[in-house]
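K.L.:
Handing you a structure now.
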Amino acid sequence: MSVPKCCISGFTWSGTPTGRAGKLANNDVYIAGDDTDIAILFIADIFGWTFPNVRLLADHFAREIGAAVFVPDYFGGEVLDFDLVAAEKFDQLDLKSFIARNGREQREDEIFETARALKRNLGFKKVGAVGYCYGGWASLRLGAKEHAEQGEPLIDCISIGHPSLLTKKDIDKVSVPVQVLAPEIDPVYPAEMKSYTFETLLRLNLPFDYRHFPGVAHSCFIRGDENKSGERDAMVKGKNAAVAWFTQYLKNA
């Protein structure tokens, strides 16, 4: 598949991540926070687990929610060169091959293994999943009823922002509370799929929070320009919405 420019454009944020590297299942992982009861699995976009914005956002979640946040490497050590993106040298990024190596079929099993490890191996009582762009489909898959273990959901709640690679079946099968952060301008999460998401969650009678962000585009929650007022507002409001969502369903449920 081709990758729209919106999935690889954006800005790095200022700040220095404060977490640590470790292992989750068989994957390298960035860990923010040290809570032992509540975990959040952060499934990054195609810039992956080392991208500074991802780690800074994980730090915010850990600090503001009071959780341990895990950002695994799901791309086998591959890292896209963001400097090429910043210079708009998109022709030098072999994105078609990257996606072929790291698509849904290639990475779903290990995503599930890292999620299972949080409760099964590390003993967390509650686990949430947050995913942006590439991470959106994966977060929904983790919340499907078919993956519950002994009647207990694999993931207790989900937040997704400007999801990509999404199918209607992903939405049909979800069975846990879902938050959706949806920019107005988003060719990979178009109006038809947004409507289907909203209508399906209503039909499933799940607790959900659907938030529309007018005037901003795909990637604004993870690669928005912190120096542009509209994008910065969306970044902050998107972060605050996710913090409130996870606090409600992981800490106060």
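The chains in the structure tokens are called A, B, ... from first to last as shown; in each chain the residues are counted from 1, and the ligands are counted from 1 in the order shown.
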Among stretch 56-196 of chain A, which residues does DSSP mark as alpha helix (DSSP H) when it is run on the backbone? Keep the chain and numbering as in the structure and answer as number ranges by chain.

P.N.:
A: 56-61, 82-86, 95-102, 104-120, 134-142, 168-173, 191-196

K.L.:
Can I get the residues of stretch 110-217 of chain A within 12 Å of stretch 59-62 of chain A, each with the closest pair of atoms and their distance in Å to one decimal, using only C-alpha atoms, sorted chain first then ascending number, as CSV?

P.N.:
residue,atom,partner,partner_atom,distance
A:Gly128,CA,A:Phe61,CA,11.4
A:Ala129,CA,A:Phe61,CA,11.6
A:Val130,CA,A:Phe61,CA,10.2

K.L.:
Just N, CA and C atoms for this one: save the residues we selected as a JSON list (two decimals), in the first residue's frame.

P.N.:
[["chain", "number", "residue", "atom", "x", "y", "z"],
["A", 128, "GLY", "N", -4.61, -0.50, 29.76],
["A", 128, "GLY", "CA", -5.22, 0.23, 28.65],
["A", 128, "GLY", "C", -4.29, 0.20, 27.45],
["A", 129, "ALA", "N", -4.85, 0.52, 26.29],
["A", 129, "ALA", "CA", -4.05, 0.63, 25.06],
["A", 129, "ALA", "C", -4.33, 1.96, 24.40],
["A", 130, "VAL", "N", -3.27, 2.63, 23.97],
["A", 130, "VAL", "CA", -3.41, 3.87, 23.23],
["A", 130, "VAL", "C", -2.62, 3.74, 21.93]]

K.L.:
Nearest to A:Ala253: which of A:Pro17, A:Pro177, A:Pro72, A:Gly48 is it, counting only C-alpha atoms?

P.N.:
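The answer is A:Pro177, which sits nearest to A:Ala253.
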
K.L.:
Compare A:Val79, A:Val127, A:Leu250, A:Val54 by their minimum atom-to-atom distance to A:Ser14, counting only C-alpha atoms, and give me the closest one.

P.N.:
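Of A:Val79, A:Val127, A:Leu250, A:Val54, the one nearest A:Ser14 is A:Val54, counting only C-alpha atoms.
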
K.L.:
Which residues, written as a PyMOL selection string, have at least one atom at most 10 Å from stretch 209-217 of chain A, with only C-alpha atoms counted and residues fewer than 6 positions away on the same chain left out?

P.N.:
chain A and resi 6+159-162+177-187+194+197-198+201+224+230-235+237-238+241-242+245

K.L.:
Restrict the selected residues to N, CA and C atoms and save them as a compact mmCIF listing (two decimals), in the first residue's frame.

P.N.:
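Now in out.txt:
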# COMPACT_ATOMS: atom_id res chain seq x y z
N CYS A 6 0.40 12.65 4.87
CA CYS A 6 -0.02 13.05 6.22
C CYS A 6 0.48 12.09 7.28
N SER A 159 -7.83 4.07 23.74
CA SER A 159 -7.91 5.41 23.15
C SER A 159 -7.15 5.38 21.83
N ILE A 160 -7.77 5.86 20.75
CA ILE A 160 -7.08 5.90 19.46
C ILE A 160 -7.18 7.31 18.86
N GLY A 161 -6.11 7.70 18.18
CA GLY A 161 -6.08 8.99 17.51
C GLY A 161 -5.71 8.83 16.05
N HIS A 162 -6.45 9.49 15.17
CA HIS A 162 -6.28 9.43 13.71
C HIS A 162 -5.77 8.06 13.25
N PRO A 177 -14.54 -0.23 26.50
CA PRO A 177 -14.73 1.20 26.30
C PRO A 177 -13.68 1.78 25.34
N VAL A 178 -14.15 2.64 24.43
CA VAL A 178 -13.32 3.17 23.35
C VAL A 178 -13.40 4.69 23.31
N GLN A 179 -12.24 5.32 23.22
CA GLN A 179 -12.17 6.75 22.95
C GLN A 179 -11.58 6.96 21.55
N VAL A 180 -12.18 7.85 20.78
CA VAL A 180 -11.70 8.15 19.44
C VAL A 180 -11.41 9.65 19.34
N LEU A 181 -10.20 10.00 18.96
CA LEU A 181 -9.78 11.38 18.75
C LEU A 181 -9.62 11.56 17.24
N ALA A 182 -10.50 12.37 16.65
CA ALA A 182 -10.61 12.42 15.20
C ALA A 182 -10.41 13.83 14.66
N PRO A 183 -9.28 14.10 13.97
CA PRO A 183 -9.10 15.39 13.32
C PRO A 183 -10.08 15.55 12.15
N GLU A 184 -10.43 16.77 11.86
CA GLU A 184 -11.33 17.03 10.74
C GLU A 184 -10.73 16.59 9.41
N ILE A 185 -9.45 16.87 9.20
CA ILE A 185 -8.80 16.64 7.91
C ILE A 185 -7.96 15.38 8.01
N ASP A 186 -8.47 14.30 7.41
CA ASP A 186 -7.78 13.02 7.59
C ASP A 186 -8.12 12.06 6.46
N PRO A 187 -7.30 12.00 5.43
CA PRO A 187 -7.60 11.12 4.30
C PRO A 187 -7.53 9.64 4.62
N LYS A 194 -15.39 7.44 9.85
CA LYS A 194 -15.73 8.09 11.11
C LYS A 194 -17.20 7.84 11.46
N THR A 197 -17.68 4.28 12.58
CA THR A 197 -17.19 4.10 13.95
C THR A 197 -18.24 4.54 14.95
N PHE A 198 -18.75 5.75 14.77
CA PHE A 198 -19.72 6.32 15.72
C PHE A 198 -20.99 5.46 15.77
N LEU A 201 -20.35 1.92 17.41
CA LEU A 201 -20.19 1.96 18.86
C LEU A 201 -21.53 2.21 19.55
N GLY A 224 2.02 17.10 15.78
CA GLY A 224 1.59 18.46 15.55
C GLY A 224 2.69 19.46 15.88
N GLY A 230 -3.30 26.39 16.67
CA GLY A 230 -4.36 25.41 16.44
C GLY A 230 -3.88 23.99 16.68
N GLU A 231 -2.67 23.67 16.18
CA GLU A 231 -2.14 22.33 16.37
C GLU A 231 -1.74 22.10 17.82
N ARG A 232 -1.18 23.11 18.45
CA ARG A 232 -0.82 22.96 19.86
C ARG A 232 -2.06 22.74 20.71
N ASP A 233 -3.13 23.48 20.43
CA ASP A 233 -4.38 23.29 21.18
C ASP A 233 -4.90 21.87 21.02
N ALA A 234 -4.83 21.35 19.80
CA ALA A 234 -5.29 19.98 19.56
C ALA A 234 -4.42 18.97 20.30
N MET A 235 -3.10 19.19 20.28
CA MET A 235 -2.19 18.31 21.00
C MET A 235 -2.53 18.26 22.48
N LYS A 237 -5.36 19.27 24.04
CA LYS A 237 -6.70 18.75 24.31
C LYS A 237 -6.77 17.25 24.08
N GLY A 238 -6.06 16.75 23.07
CA GLY A 238 -6.02 15.32 22.83
C GLY A 238 -5.35 14.58 23.97
N ALA A 241 -7.66 14.68 27.01
CA ALA A 241 -8.80 13.77 26.84
C ALA A 241 -8.38 12.33 27.15
N ALA A 242 -7.21 11.92 26.65
CA ALA A 242 -6.74 10.56 26.90
C ALA A 242 -6.44 10.36 28.38
N TRP A 245 -9.70 9.89 30.13
CA TRP A 245 -10.31 8.61 29.76
C TRP A 245 -9.67 7.46 30.54

K.L.:
Tell me, as a PDB file with all heavy atoms, in the first residue's frame, which residues lie within 8 Å of A:Gly123, counting only C-alpha atoms; anything in the same chain fewer than 5 positions away does not count.

P.N.:
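Saved result, result-v1.pdb, follows:
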ATOM      1  N   THR A  36       2.682  -0.198  39.702  1.00  0.00           N
ATOM      2  CA  THR A  36       2.644  -1.650  39.588  1.00  0.00           C
ATOM      3  C   THR A  36       1.241  -2.211  39.397  1.00  0.00           C
ATOM      4  O   THR A  36       1.081  -3.428  39.256  1.00  0.00           O
ATOM      5  CB  THR A  36       3.267  -2.299  40.839  1.00  0.00           C
ATOM      6  OG1 THR A  36       2.565  -1.834  42.012  1.00  0.00           O
ATOM      7  CG2 THR A  36       4.746  -1.939  40.956  1.00  0.00           C
ATOM      8  N   ASP A  37       0.230  -1.346  39.390  1.00  0.00           N
ATOM      9  CA  ASP A  37      -1.153  -1.810  39.245  1.00  0.00           C
ATOM     10  C   ASP A  37      -1.755  -1.492  37.884  1.00  0.00           C
ATOM     11  O   ASP A  37      -2.566  -2.257  37.365  1.00  0.00           O
ATOM     12  CB  ASP A  37      -2.047  -1.183  40.327  1.00  0.00           C
ATOM     13  CG  ASP A  37      -1.742  -1.711  41.708  1.00  0.00           C
ATOM     14  OD1 ASP A  37      -1.316  -2.883  41.815  1.00  0.00           O
ATOM     15  OD2 ASP A  37      -1.902  -0.960  42.691  1.00  0.00           O
ATOM     16  N   LEU A 118       1.600  -8.069  30.091  1.00  0.00           N
ATOM     17  CA  LEU A 118       1.382  -7.057  31.124  1.00  0.00           C
ATOM     18  C   LEU A 118       0.587  -7.606  32.301  1.00  0.00           C
ATOM     19  O   LEU A 118       0.929  -7.351  33.461  1.00  0.00           O
ATOM     20  CB  LEU A 118       0.680  -5.834  30.511  1.00  0.00           C
ATOM     21  CG  LEU A 118       1.546  -5.040  29.535  1.00  0.00           C
ATOM     22  CD1 LEU A 118       0.720  -3.994  28.811  1.00  0.00           C
ATOM     23  CD2 LEU A 118       2.720  -4.393  30.260  1.00  0.00           C
TER      24      LEU A 118
END

K.L.:
With only C-alpha atoms as the basis for distance, which of A:Leu80, A:Ala138, A:Ile65, A:Val71 is at the shortest distance from A:Val29?

P.N.:
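Smallest separation from A:Val29 among the options: A:Val71.
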
K.L.:
Determine, counting only C-alpha atoms, which protein, DNA and RNA residues have an atom within 10 Å of an atom of A:Ser139; residues of the same chain fewer than 6 positions away are not included. Present the result as number ranges by chain.

P.N.:
A: 41-43, 111-112, 115, 128-132, 155, 157-160, 163, 170, 174, 178

K.L.:
Atoms to include: C-alpha atoms. Write the selected residues as a compact mmCIF listing (two decimals), in the first residue's frame.

P.N.:
# COMPACT_ATOMS: atom_id res chain seq x y z
CA LEU A 41 0.43 -0.14 26.16
CA PHE A 42 1.36 2.69 23.78
CA ILE A 43 1.37 1.57 20.12
CA ILE A 111 1.55 -6.99 19.65
CA PHE A 112 -0.74 -9.49 21.35
CA ALA A 115 -0.26 -7.07 25.76
CA GLY A 128 -5.22 0.23 28.65
CA ALA A 129 -4.05 0.63 25.06
CA VAL A 130 -3.41 3.87 23.23
CA GLY A 131 -2.57 4.02 19.54
CA TYR A 132 -1.96 6.74 16.98
CA ILE A 155 -7.26 -4.76 27.46
CA CYS A 157 -10.08 0.29 27.61
CA ILE A 158 -8.73 1.95 24.47
CA SER A 159 -7.91 5.41 23.15
CA ILE A 160 -7.08 5.90 19.46
CA PRO A 163 -6.15 5.63 13.10
CA ASP A 170 -11.91 -3.95 13.72
CA VAL A 174 -14.37 -4.26 19.86
CA VAL A 178 -13.32 3.17 23.35

K.L.:
With distances taken over only C-alpha atoms, which residue among A:Leu142, A:Arg101, A:Ala68, A:Asp73 lies nearest A:Phe124?

P.N.:
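Using only C-alpha atoms, A:Phe124 sits closest to A:Ala68.
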
K.L.:
I need the strand (DSSP E or B) residues of stretch 53-251 of chain A per DSSP on the backbone, written as a PyMOL selection string.

P.N.:
chain A and resi 68-72+126-132+144+149+152+157-161+174+178-185+208-217

K.L.:
Could the residues in this selection be saved with C-alpha atoms as an mmCIF file, in the first residue's frame?

P.N.:
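Saved file again23.cif follows:
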data_model
loop_
_atom_site.group_PDB
_atom_site.id
_atom_site.type_symbol
_atom_site.label_atom_id
_atom_site.label_comp_id
_atom_site.auth_asym_id
_atom_site.auth_seq_id
_atom_site.Cartn_x
_atom_site.Cartn_y
_atom_site.Cartn_z
ATOM 1 C CA ALA A 68 3.410 2.568 33.909
ATOM 2 C CA VAL A 69 3.479 3.236 30.158
ATOM 3 C CA PHE A 70 5.122 0.760 27.796
ATOM 4 C CA VAL A 71 6.123 1.740 24.241
ATOM 5 C CA PRO A 72 7.396 -1.403 22.481
ATOM 6 C CA LYS A 126 -5.695 -2.920 34.759
ATOM 7 C CA VAL A 127 -4.298 -2.355 31.263
ATOM 8 C CA GLY A 128 -5.216 0.234 28.654
ATOM 9 C CA ALA A 129 -4.049 0.627 25.060
ATOM 10 C CA VAL A 130 -3.408 3.870 23.229
ATOM 11 C CA GLY A 131 -2.574 4.016 19.537
ATOM 12 C CA TYR A 132 -1.963 6.738 16.978
ATOM 13 C CA ALA A 144 -11.888 -7.564 20.673
ATOM 14 C CA GLU A 149 -8.836 -14.735 28.636
ATOM 15 C CA GLU A 152 -11.319 -11.141 31.471
ATOM 16 C CA CYS A 157 -10.081 0.287 27.608
ATOM 17 C CA ILE A 158 -8.726 1.953 24.468
ATOM 18 C CA SER A 159 -7.914 5.409 23.146
ATOM 19 C CA ILE A 160 -7.082 5.902 19.457
ATOM 20 C CA GLY A 161 -6.080 8.994 17.512
ATOM 21 C CA VAL A 174 -14.374 -4.259 19.855
ATOM 22 C CA VAL A 178 -13.316 3.172 23.351
ATOM 23 C CA GLN A 179 -12.169 6.755 22.946
ATOM 24 C CA VAL A 180 -11.704 8.152 19.437
ATOM 25 C CA LEU A 181 -9.781 11.380 18.746
ATOM 26 C CA ALA A 182 -10.606 12.417 15.196
ATOM 27 C CA PRO A 183 -9.100 15.389 13.315
ATOM 28 C CA GLU A 184 -11.332 17.033 10.744
ATOM 29 C CA ILE A 185 -8.797 16.643 7.908
ATOM 30 C CA PHE A 208 -17.361 5.551 24.174
ATOM 31 C CA ASP A 209 -16.027 9.045 23.786
ATOM 32 C CA TYR A 210 -15.842 10.409 20.233
ATOM 33 C CA ARG A 211 -14.106 13.772 19.899
ATOM 34 C CA HIS A 212 -13.999 15.828 16.724
ATOM 35 C CA PHE A 213 -11.136 18.318 16.302
ATOM 36 C CA PRO A 214 -12.028 20.933 13.664
ATOM 37 C CA GLY A 215 -9.378 22.634 11.560
ATOM 38 C CA VAL A 216 -6.531 20.194 12.234
ATOM 39 C CA ALA A 217 -5.124 17.322 10.204
#

K.L.:
In Å, rounded to a single decimal, give me how far atom CA of A:Cys133 is from atom CA of A:Ser164.

P.N.:
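So the answer is 4.8 Å.
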
K.L.:
Could you state the separation of atom CA of A:Leu165 and atom CA of A:Ile46 in Å, given to one decimal place?

P.N.:
11.6 Å

K.L.:
Give me, as a list of chain:residue names, all polymer residues having an atom no more than 10 Å from stretch 75-78 of chain A, counting only C-alpha atoms and skipping those fewer than 4 positions away in the same chain.

P.N.:
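Within the cut-off, the hits are A:Asn27, A:Asp28, A:Ile46, A:Phe47, A:Gly48, A:Trp49, A:Thr50, A:Phe98, A:Ile99, A:Arg101, A:Asn102, A:Gly103, A:Gln106, A:Arg107.
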
K.L.:
Do a neighbour search on A:Arg63 at 12 Å with only C-alpha atoms, toss out local chain neighbours closer than 2 positions, and write the hits as number ranges by chain.

P.N.:
A: 18-19, 31-35, 56-61, 65-69, 243, 247

K.L.:
Please measure the separation of atom CA of A:Gly151 and atom CA of A:Tyr196, giving the value in Å to one decimal.

P.N.:
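Going from atom CA of A:Gly151 over to atom CA of A:Tyr196, I get 27.5 Å.
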